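Peer 1: This is the structure I have questions about; it appears just below.
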Amino acid sequence: MKIEVVTLFPELVEVVTRHGMPRVAVDQGALQLGCTNPRDFASNRWRKVDERPFGGGPGMVMQAEPTAQAIEHAKAALGPATKVLMMSPQGERMDQRWFERLAREDGLVVLCGRYEGVDERLVAGTVDVELSLGDFVLSGGELAAMVLIDGIARLLPGVLGHAESAGQDSFSVETGLLDHPHYSRPEVWRGEAVPDVLMSGNHAALARWRLKQALGRTWLRRPDLLDKLELDAEQQTLLREFVAEQTTKVGGTS
Ligand code: 9D3
């Protein structure tokens with residue numbers, strides 16, 4: 001997979017492949033990351049790429065022409081059929097399903113907006129999809145692009161240790177549940193022991209406990225995720241057990 005990011009801050013975006021899974025993906029040859037800077041296509045002596053908005057208002061707008069030339073340059077490296085994504089607060093909310101879909105592409109161009117936005121004539125004419133991280137205000141699209149690259153890198157074939165599949169993830173579309181809690185050595189830490197079931201060696205009981213914790217935590221923290229699922233009989237029993245234990249806990253001594 002080749003990703004070309006169109007950005008006024010290439011040095012910021014390149015940081016994402018210096019650590020962790022995206023770095024592994026690059027080292028293994030599963031991912032290539034390049035950046036193209038619209039500033040390199042500015043036609044004025046000052047390499048200026050922003051202008052005041054027609055109609056007035058605060059801030060500046062990224063101009064269409066240098067941005068278009070940067071996208072065309074990026075696309076030339078990847079082939080004319082390559083999808084152009086734009087990181088934008090007006091976009092569709094990114095989620096795991098977007099990562100899974102995009103990880104199947106051979107290449108992507110990712111446009112990062114800065115200032116108040118990008119000239120709409122360019123957006124309408126060249127951008128295939130606008131993607132957002134969520135309903136909060138960032139100062140530009142670069143961090144969103146880095147999130148996207150991180151999320152995609154770990155899905156590329158051969159990048160994750162092959163034992164785990166992406167399907168076991170907390171947010172995988174497959175389980176639709178939050179993850180169960182994790183514990184490691186020492187068995188007692190500052191007076192607190194790990195749950196007995198983890199030390200019992202009973203694999204069936206462990207699997208049931210983990211599923212129960214995953215169901216219970218999803219019920220507590222993200223009930224919206226549970227609404228989308230059809231729980232089977234065992235899952236319903238486990239969740240009911242979790243809920244029963246929870247209400248006795250909250251009740252304290254009662
Ligand atoms: C406060 C500025 N807003 C005026 C009403 C508009 C605005 C313009 C540009 C808000 C944010 C930005 C820059 N943000 C992004 O480019 C961005 C973003 C975000 O801000 N939040 C969540 N996801 C994303 S993806 C790209």
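Letters A, B, ... go to the chains of the structure tokens in the order shown; residues in each chain start at 1; ligands are counted from 1 in the same order.
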List all protein, DNA and RNA residues that have at least one atom no more than 10 Å from any atom of ligand 1, counting only C-alpha atoms and all ligand atoms, and write them as number ranges by chain.
Peer 2: A: 57-61, 86-94, 111-118, 130-145, 147
Peer 1: I need the helix (DSSP H, G or I) residues of stretch 44-236 of chain A per DSSP on the backbone, written as a ChimeraX atom specification.
Peer 2: /A:64-76,96-102,120-126,142-153,166-168,196-199,203-221,223-227,233-236
Peer 1: Fewer than 2 positions away in the same chain doesn't count, so skip those; otherwise give me all residues within 12 Å of A:Arg121, counting only C-alpha atoms, as a list of chain:residue names.
Peer 2: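 Listing them by chain and then by number gives A:Val61, A:Met62, A:Gln63, A:Ala64, A:Glu65, A:Thr67, A:Ala68, A:Gly117, A:Val118, A:Asp119, A:Val123, A:Ala124, A:Gly125, A:Thr126, A:Val127.
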Peer 1: For A:Val16, find every residue with an atom within 9 Å (counting only C-alpha atoms), except residues of its own chain fewer than 6 positions away, and show them as a short mmCIF file (atom, residue, chain, number, x, y, z; two decimals) with N, CA and C atoms, in the first residue's frame.
Peer 2:
```cif
data_model
loop_
_atom_site.label_atom_id
_atom_site.label_comp_id
_atom_site.auth_asym_id
_atom_site.auth_seq_id
_atom_site.Cartn_x
_atom_site.Cartn_y
_atom_site.Cartn_z
N PRO A 22 3.14 1.41 12.27
CA PRO A 22 3.40 1.99 10.94
C PRO A 22 4.88 1.87 10.54
N ARG A 23 5.77 1.96 11.53
CA ARG A 23 7.20 1.79 11.22
C ARG A 23 7.49 0.37 10.77
N MET A 146 -2.68 11.00 10.26
CA MET A 146 -1.78 10.10 11.00
C MET A 146 -2.58 9.01 11.70
N VAL A 147 -3.73 9.35 12.21
CA VAL A 147 -4.62 8.35 12.81
C VAL A 147 -5.01 7.31 11.75
N ILE A 149 -3.44 6.54 8.97
CA ILE A 149 -2.28 5.73 8.56
C ILE A 149 -1.97 4.68 9.62
N ASP A 150 -2.03 5.05 10.89
CA ASP A 150 -1.79 4.09 11.97
C ASP A 150 -2.82 2.97 11.93
#
```
Peer 1: Excluding A:Glu72 and residues on its chain fewer than 3 positions from it, collect all residues at most 12 Å away from it, counting only C-alpha atoms, and give them as a PyMOL selection string.
Peer 2: chain A and resi 4-6+36-38+41+64-69+75-84+109-111+122+126-127
Peer 1: Which residue gives the smallest distance to A:Ile71 among A:Val15, A:Leu31, A:Ile3, A:Val159, with only C-alpha atoms counted?
Peer 2: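 Closest residue, counting only C-alpha atoms: A:Ile3.
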Peer 1: Would you mind listing what lies within 12 Å of stretch 187-196 of chain A as a PyMOL selection string, with only C-alpha atoms counted and same-chain residues fewer than 2 positions away left out?
Peer 2: chain A and resi 181-185+198-202+205-206+209-210+213
Peer 1: Could you dump the residues just selected with N, CA, C and O atoms as an mmCIF file, in the first residue's frame?
Peer 2:
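What landed in part12.cif:
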```
data_model
loop_
_atom_site.group_PDB
_atom_site.id
_atom_site.type_symbol
_atom_site.label_atom_id
_atom_site.label_comp_id
_atom_site.auth_asym_id
_atom_site.auth_seq_id
_atom_site.Cartn_x
_atom_site.Cartn_y
_atom_site.Cartn_z
ATOM 1 N N PRO A 181 -10.613 -6.835 30.419
ATOM 2 C CA PRO A 181 -9.415 -6.296 31.072
ATOM 3 C C PRO A 181 -8.223 -7.254 30.969
ATOM 4 O O PRO A 181 -8.399 -8.448 30.747
ATOM 5 N N HIS A 182 -7.035 -6.706 31.122
ATOM 6 C CA HIS A 182 -5.793 -7.486 30.998
ATOM 7 C C HIS A 182 -4.988 -7.397 32.282
ATOM 8 O O HIS A 182 -4.995 -6.362 32.958
ATOM 9 N N TYR A 183 -4.280 -8.471 32.617
ATOM 10 C CA TYR A 183 -3.426 -8.524 33.804
ATOM 11 C C TYR A 183 -2.135 -9.241 33.457
ATOM 12 O O TYR A 183 -2.121 -10.104 32.588
ATOM 13 N N SER A 184 -1.054 -8.865 34.156
ATOM 14 C CA SER A 184 0.210 -9.579 33.973
ATOM 15 C C SER A 184 0.968 -9.601 35.301
ATOM 16 O O SER A 184 0.430 -9.164 36.321
ATOM 17 N N ARG A 185 2.201 -10.127 35.282
ATOM 18 C CA ARG A 185 2.967 -10.265 36.508
ATOM 19 C C ARG A 185 3.251 -8.895 37.139
ATOM 20 O O ARG A 185 3.409 -7.909 36.405
ATOM 21 N N LEU A 198 -7.876 -16.321 36.267
ATOM 22 C CA LEU A 198 -6.719 -16.190 35.381
ATOM 23 C C LEU A 198 -5.605 -17.164 35.760
ATOM 24 O O LEU A 198 -4.764 -17.498 34.929
ATOM 25 N N MET A 199 -5.590 -17.583 37.039
ATOM 26 C CA MET A 199 -4.525 -18.475 37.520
ATOM 27 C C MET A 199 -5.007 -19.924 37.591
ATOM 28 O O MET A 199 -4.242 -20.814 37.925
ATOM 29 N N SER A 200 -6.269 -20.165 37.247
ATOM 30 C CA SER A 200 -6.871 -21.486 37.477
ATOM 31 C C SER A 200 -6.467 -22.516 36.425
ATOM 32 O O SER A 200 -6.552 -23.710 36.666
ATOM 33 N N GLY A 201 -6.076 -22.075 35.256
ATOM 34 C CA GLY A 201 -5.763 -23.007 34.180
ATOM 35 C C GLY A 201 -6.997 -23.611 33.526
ATOM 36 O O GLY A 201 -6.879 -24.483 32.666
ATOM 37 N N ASN A 202 -8.168 -23.151 33.940
ATOM 38 C CA ASN A 202 -9.431 -23.639 33.358
ATOM 39 C C ASN A 202 -9.778 -22.782 32.128
ATOM 40 O O ASN A 202 -10.297 -21.683 32.251
ATOM 41 N N ALA A 205 -13.494 -21.742 31.595
ATOM 42 C CA ALA A 205 -13.912 -20.720 32.557
ATOM 43 C C ALA A 205 -13.285 -19.367 32.202
ATOM 44 O O ALA A 205 -13.939 -18.328 32.322
ATOM 45 N N LEU A 206 -12.033 -19.391 31.753
ATOM 46 C CA LEU A 206 -11.337 -18.155 31.369
ATOM 47 C C LEU A 206 -12.026 -17.493 30.181
ATOM 48 O O LEU A 206 -12.263 -16.280 30.176
ATOM 49 N N TRP A 209 -15.201 -15.956 31.376
ATOM 50 C CA TRP A 209 -14.942 -14.752 32.169
ATOM 51 C C TRP A 209 -14.598 -13.566 31.262
ATOM 52 O O TRP A 209 -15.112 -12.455 31.441
ATOM 53 N N ARG A 210 -13.754 -13.813 30.274
ATOM 54 C CA ARG A 210 -13.356 -12.719 29.373
ATOM 55 C C ARG A 210 -14.547 -12.197 28.579
ATOM 56 O O ARG A 210 -14.716 -10.980 28.427
ATOM 57 N N GLN A 213 -16.708 -10.143 30.901
ATOM 58 C CA GLN A 213 -16.127 -8.819 31.146
ATOM 59 C C GLN A 213 -16.308 -7.906 29.927
ATOM 60 O O GLN A 213 -16.616 -6.722 30.062
#
```
Peer 1: Between atom CA of A:Met1 and atom CA of A:Leu102, what is the spacing in Å?
Peer 2: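 Going from atom CA of A:Leu102 over to atom CA of A:Met1, I get 9.8 Å.
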